[in-house]
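A short worksheet on the structure shown next.
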Amino acid sequence: MGIINSEVDKKVVLKHGSVLEKLKLKAKKNPNTLGFLVIGSVATKTHNEKSDIDVITILRNQKPSSGIKSGMVDGIIVDSLFFTYNIFVKSVNSVPYLLHTLVDSKILFDPENTIEPLVSKVKDYFAKRPQLVDQWNLYFKQSKDIKLRTGCRASNNGKTIIDVWNELEKR
């Protein structure tokens with residue numbers, strides 16, 4: 001979707017952009033929000049009309065300290081991951097290989113400039129490890145192919161992203 005070449009493409013960009021803007025405004029209004037990022041196909045501008053929107057919110061504090069919420073906004077599925085800042089920092093410093101989705105992320109809100117240095121650290125980590133990038137890209141390609149064939153968005157031949165994380169943890 002890098003080049004918008006049809007009315008359908010324009011509508012998709014506008015609709016997803018509109019929903020993303022609503023999500024960003026909600027994050028900005030929350031004084032507990034330190035950062036807000038978009039990941040996945042919307043971040044890379046490869047989404048289509050059936051694509052969901054994947055976002056990450058970094059919070060000052062929260063109980064529980066991390067999690068995933070899924071919902072619908074204006075007919076678009078939104079998967080929202082959240083982490084406290086402390087959990088995010090620990091993850092970047094101890095398990096950066098699990099954070100590949102940050103490589104193509106777009107930071108939409110970072111008023112204290114606390115998130116960008118951490119995202120840059122993850123990007124640098126992967127820039128130095130092309131074999132690990134290849135593994136992630138293979139997983140994402142297989143997952144995308146399955147989604148296209150089956151319409152299922154939950155797994156990759158029974159392998160979820162959690163399974164991939166667990167495999168990487170063993171190394």
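Just remember, in the structure tokens the first chain shown is A, the second B, etc., residues are 1-based per chain, and ligands are 1-based in the order shown.
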
Excluding same-chain residues fewer than 6 positions from Lys128 in chain A, what lies within 12 Å of it counting only C-alpha atoms, as a PyMOL selection string?
chain A and resi 97+121-122

Which residues in range 59-152 of chain A does DSSP call strand (DSSP E)? List them as a PyMOL selection string.
chain A and resi 59+66-73+76-84+106-109

Limited to N, CA and C atoms, could you put the picked residues into a file as an mmCIF file, in the first residue's frame?
```cif
data_model
loop_
_atom_site.group_PDB
_atom_site.id
_atom_site.type_symbol
_atom_site.label_atom_id
_atom_site.label_comp_id
_atom_site.auth_asym_id
_atom_site.auth_seq_id
_atom_site.Cartn_x
_atom_site.Cartn_y
_atom_site.Cartn_z
ATOM 1 N N LEU A 59 2.604 2.742 29.596
ATOM 2 C CA LEU A 59 1.968 3.459 30.707
ATOM 3 C C LEU A 59 2.949 3.692 31.858
ATOM 4 N N SER A 66 1.148 -5.566 32.288
ATOM 5 C CA SER A 66 1.158 -5.772 30.835
ATOM 6 C C SER A 66 -0.067 -6.589 30.446
ATOM 7 N N GLY A 67 -0.413 -6.515 29.171
ATOM 8 C CA GLY A 67 -1.545 -7.293 28.699
ATOM 9 C C GLY A 67 -1.934 -6.952 27.282
ATOM 10 N N ILE A 68 -2.968 -7.619 26.821
ATOM 11 C CA ILE A 68 -3.491 -7.424 25.468
ATOM 12 C C ILE A 68 -4.995 -7.259 25.576
ATOM 13 N N LYS A 69 -5.502 -6.274 24.874
ATOM 14 C CA LYS A 69 -6.946 -6.079 24.781
ATOM 15 C C LYS A 69 -7.304 -6.074 23.303
ATOM 16 N N SER A 70 -8.433 -6.653 22.988
ATOM 17 C CA SER A 70 -8.913 -6.655 21.612
ATOM 18 C C SER A 70 -10.309 -6.054 21.593
ATOM 19 N N GLY A 71 -10.565 -5.241 20.600
ATOM 20 C CA GLY A 71 -11.875 -4.614 20.496
ATOM 21 C C GLY A 71 -12.145 -4.165 19.074
ATOM 22 N N MET A 72 -13.237 -3.458 18.908
ATOM 23 C CA MET A 72 -13.651 -2.995 17.591
ATOM 24 C C MET A 72 -13.877 -1.489 17.668
ATOM 25 N N VAL A 73 -13.325 -0.768 16.698
ATOM 26 C CA VAL A 73 -13.547 0.670 16.592
ATOM 27 C C VAL A 73 -13.959 0.958 15.155
ATOM 28 N N ILE A 76 -13.390 -1.798 12.676
ATOM 29 C CA ILE A 76 -12.029 -2.313 12.504
ATOM 30 C C ILE A 76 -11.580 -2.943 13.824
ATOM 31 N N ILE A 77 -11.035 -4.154 13.730
ATOM 32 C CA ILE A 77 -10.505 -4.821 14.919
ATOM 33 C C ILE A 77 -9.243 -4.087 15.358
ATOM 34 N N VAL A 78 -9.161 -3.820 16.652
ATOM 35 C CA VAL A 78 -7.983 -3.171 17.228
ATOM 36 C C VAL A 78 -7.419 -4.087 18.307
ATOM 37 N N ASP A 79 -6.166 -4.495 18.123
ATOM 38 C CA ASP A 79 -5.457 -5.265 19.139
ATOM 39 C C ASP A 79 -4.490 -4.314 19.822
ATOM 40 N N SER A 80 -4.664 -4.169 21.118
ATOM 41 C CA SER A 80 -3.894 -3.190 21.880
ATOM 42 C C SER A 80 -3.072 -3.885 22.956
ATOM 43 N N LEU A 81 -1.761 -3.801 22.825
ATOM 44 C CA LEU A 81 -0.861 -4.303 23.852
ATOM 45 C C LEU A 81 -0.537 -3.150 24.780
ATOM 46 N N PHE A 82 -0.386 -3.439 26.055
ATOM 47 C CA PHE A 82 0.039 -2.384 26.964
ATOM 48 C C PHE A 82 1.100 -2.924 27.907
ATOM 49 N N PHE A 83 2.025 -2.037 28.252
ATOM 50 C CA PHE A 83 3.107 -2.341 29.178
ATOM 51 C C PHE A 83 3.313 -1.133 30.079
ATOM 52 N N THR A 84 3.744 -1.374 31.295
ATOM 53 C CA THR A 84 4.229 -0.246 32.076
ATOM 54 C C THR A 84 5.613 0.100 31.539
ATOM 55 N N LYS A 106 5.842 2.683 14.406
ATOM 56 C CA LYS A 106 5.804 4.144 14.274
ATOM 57 C C LYS A 106 5.365 4.702 15.623
ATOM 58 N N ILE A 107 6.180 5.571 16.172
ATOM 59 C CA ILE A 107 5.836 6.213 17.439
ATOM 60 C C ILE A 107 4.899 7.374 17.132
ATOM 61 N N LEU A 108 3.717 7.347 17.709
ATOM 62 C CA LEU A 108 2.719 8.386 17.460
ATOM 63 C C LEU A 108 2.634 9.402 18.597
ATOM 64 N N PHE A 109 3.138 9.010 19.754
ATOM 65 C CA PHE A 109 3.047 9.890 20.922
ATOM 66 C C PHE A 109 4.166 9.519 21.885
#
```

Counting only C-alpha atoms, which of A:Gly17, A:Val95, A:Lys24, A:Leu102 gets nearest to Ile39 in chain A?
A:Leu102

List as a CSV table (one decimal) with N, CA and C atoms, in the first residue's frame the protein and nucleic acid residues near Val133 in chain A, meaning an atom at most 10 Å away when only C-alpha atoms are counted, but skip any in the same chain fewer than 5 places from it.
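The file below, selection_15.csv, is the result:
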```csv
chain,number,residue,atom,x,y,z
A,97,TYR,N,15.1,-9.7,21.6
A,97,TYR,CA,14.8,-10.6,20.5
A,97,TYR,C,13.3,-11.0,20.4
A,100,HIS,N,10.7,-7.9,18.0
A,100,HIS,CA,10.9,-7.6,16.6
A,100,HIS,C,9.8,-6.7,16.0
A,103,VAL,N,10.6,-3.1,15.2
A,103,VAL,CA,11.5,-2.7,14.1
A,103,VAL,C,10.8,-1.7,13.1
A,126,PHE,N,18.4,-5.6,16.2
A,126,PHE,CA,18.0,-6.4,15.1
A,126,PHE,C,18.9,-6.1,13.8
A,127,ALA,N,19.3,-4.9,13.7
A,127,ALA,CA,20.2,-4.5,12.6
A,127,ALA,C,21.5,-5.3,12.6
A,128,LYS,N,21.9,-5.7,13.8
A,128,LYS,CA,23.2,-6.4,13.9
A,128,LYS,C,22.9,-8.0,13.9
A,138,LEU,N,10.3,-15.0,8.3
A,138,LEU,CA,9.7,-16.3,7.9
A,138,LEU,C,8.4,-16.6,8.7
A,139,TYR,N,8.4,-16.3,10.0
A,139,TYR,CA,7.2,-16.5,10.8
A,139,TYR,C,6.1,-15.6,10.3
```

Mind listing the helix (DSSP H, G or I) residues of chain A, per DSSP on the backbone, as a VMD selection string?
chain A and resid 7 to 29 40 to 44 85 to 94 96 to 98 100 to 102 116 to 127 130 to 150 161 to 169

Could you save the residues just selected, with C-alpha atoms, as a compact mmCIF listing (two decimals), in the first residue's frame?
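Okay, result32.txt is ready:
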```
# COMPACT_ATOMS: atom_id res chain seq x y z
CA GLU A 7 -10.32 4.79 -4.64
CA VAL A 8 -10.55 1.62 -2.52
CA ASP A 9 -6.95 2.11 -1.33
CA LYS A 10 -7.69 5.74 -0.45
CA LYS A 11 -10.76 4.75 1.57
CA VAL A 12 -8.79 2.06 3.43
CA VAL A 13 -6.02 4.53 4.28
CA LEU A 14 -8.54 7.13 5.42
CA LYS A 15 -10.62 4.70 7.52
CA HIS A 16 -7.64 3.11 9.26
CA GLY A 17 -6.07 6.55 9.68
CA SER A 18 -9.25 7.90 11.23
CA VAL A 19 -9.45 5.04 13.74
CA LEU A 20 -5.75 5.38 14.54
CA GLU A 21 -6.21 9.10 15.16
CA LYS A 22 -9.07 8.35 17.60
CA LEU A 23 -6.87 5.87 19.44
CA LYS A 24 -3.99 8.34 19.58
CA LEU A 25 -6.22 11.10 20.95
CA LYS A 26 -7.51 8.76 23.65
CA ALA A 27 -3.93 7.85 24.59
CA LYS A 28 -2.90 11.52 24.70
CA LYS A 29 -5.80 12.39 27.01
CA GLY A 40 2.09 -4.28 12.01
CA SER A 41 0.63 -3.65 8.59
CA VAL A 42 -0.78 -0.21 9.41
CA ALA A 43 2.68 0.95 10.54
CA THR A 44 4.27 -0.37 7.35
CA TYR A 85 7.36 1.73 31.38
CA ASN A 86 9.32 -0.48 33.81
CA ILE A 87 8.24 -3.66 32.04
CA PHE A 88 9.06 -2.10 28.66
CA VAL A 89 12.56 -1.10 29.83
CA LYS A 90 13.19 -4.57 31.31
CA SER A 91 12.03 -6.22 28.08
CA VAL A 92 14.25 -4.04 25.89
CA ASN A 93 17.25 -4.74 28.10
CA SER A 94 16.73 -8.45 28.76
CA PRO A 96 15.05 -7.64 22.88
CA TYR A 97 14.83 -10.64 20.53
CA LEU A 98 11.14 -10.89 21.47
CA HIS A 100 10.86 -7.60 16.59
CA THR A 101 7.51 -5.89 15.99
CA LEU A 102 9.15 -2.65 17.13
CA GLU A 116 12.13 6.56 21.14
CA PRO A 117 15.55 5.69 22.67
CA LEU A 118 14.24 2.27 23.70
CA VAL A 119 12.72 1.57 20.28
CA SER A 120 16.01 2.67 18.68
CA LYS A 121 17.89 0.23 20.90
CA VAL A 122 15.68 -2.63 19.67
CA LYS A 123 16.11 -1.54 16.04
CA ASP A 124 19.90 -1.48 16.50
CA TYR A 125 19.78 -4.93 18.10
CA PHE A 126 18.03 -6.41 15.06
CA ALA A 127 20.18 -4.48 12.57
CA PRO A 130 20.16 -10.53 10.20
CA GLN A 131 19.63 -14.24 10.89
CA LEU A 132 17.18 -13.42 13.67
CA VAL A 133 15.39 -10.98 11.37
CA ASP A 134 15.14 -13.77 8.77
CA GLN A 135 13.52 -16.07 11.35
CA TRP A 136 10.96 -13.43 12.28
CA ASN A 137 10.27 -12.62 8.63
CA LEU A 138 9.67 -16.31 7.89
CA TYR A 139 7.21 -16.53 10.78
CA PHE A 140 5.37 -13.38 9.62
CA LYS A 141 5.29 -14.58 5.99
CA GLN A 142 3.85 -17.95 7.00
CA SER A 143 1.34 -16.25 9.25
CA LYS A 144 0.29 -13.83 6.50
CA ASP A 145 -0.07 -16.68 3.98
CA ILE A 146 -2.32 -18.58 6.40
CA LYS A 147 -4.42 -15.47 7.02
CA LEU A 148 -4.87 -14.97 3.28
CA ARG A 149 -5.81 -18.63 2.71
CA THR A 150 -8.03 -19.21 5.71
CA ILE A 161 3.61 -15.59 18.44
CA ILE A 162 3.92 -16.85 22.04
CA ASP A 163 5.30 -20.14 20.66
CA VAL A 164 7.85 -18.18 18.61
CA TRP A 165 8.84 -16.23 21.73
CA ASN A 166 9.26 -19.48 23.66
CA GLU A 167 11.45 -20.95 20.90
CA LEU A 168 13.64 -17.86 20.94
CA GLU A 169 13.83 -17.96 24.75
```

I'd like the interatomic distance between CA of Val38 in chain A and CA of Gln62 in chain A, to a tenth of an Å.
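One can read the CA of Val38 in chain A to CA of Gln62 in chain A distance as 19.9 Å.
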
Near-Gly35 in chain A list (6 Å; only C-alpha atoms; drop same-chain fewer than 4 positions) as a list of chain:residue names:
A:Thr57, A:Ile58, A:Phe109, A:Asp110

Atomic distance CA of Asp52 in chain A - CA of Pro64 in chain A, expressed in Å with one decimal:
24.2 Å
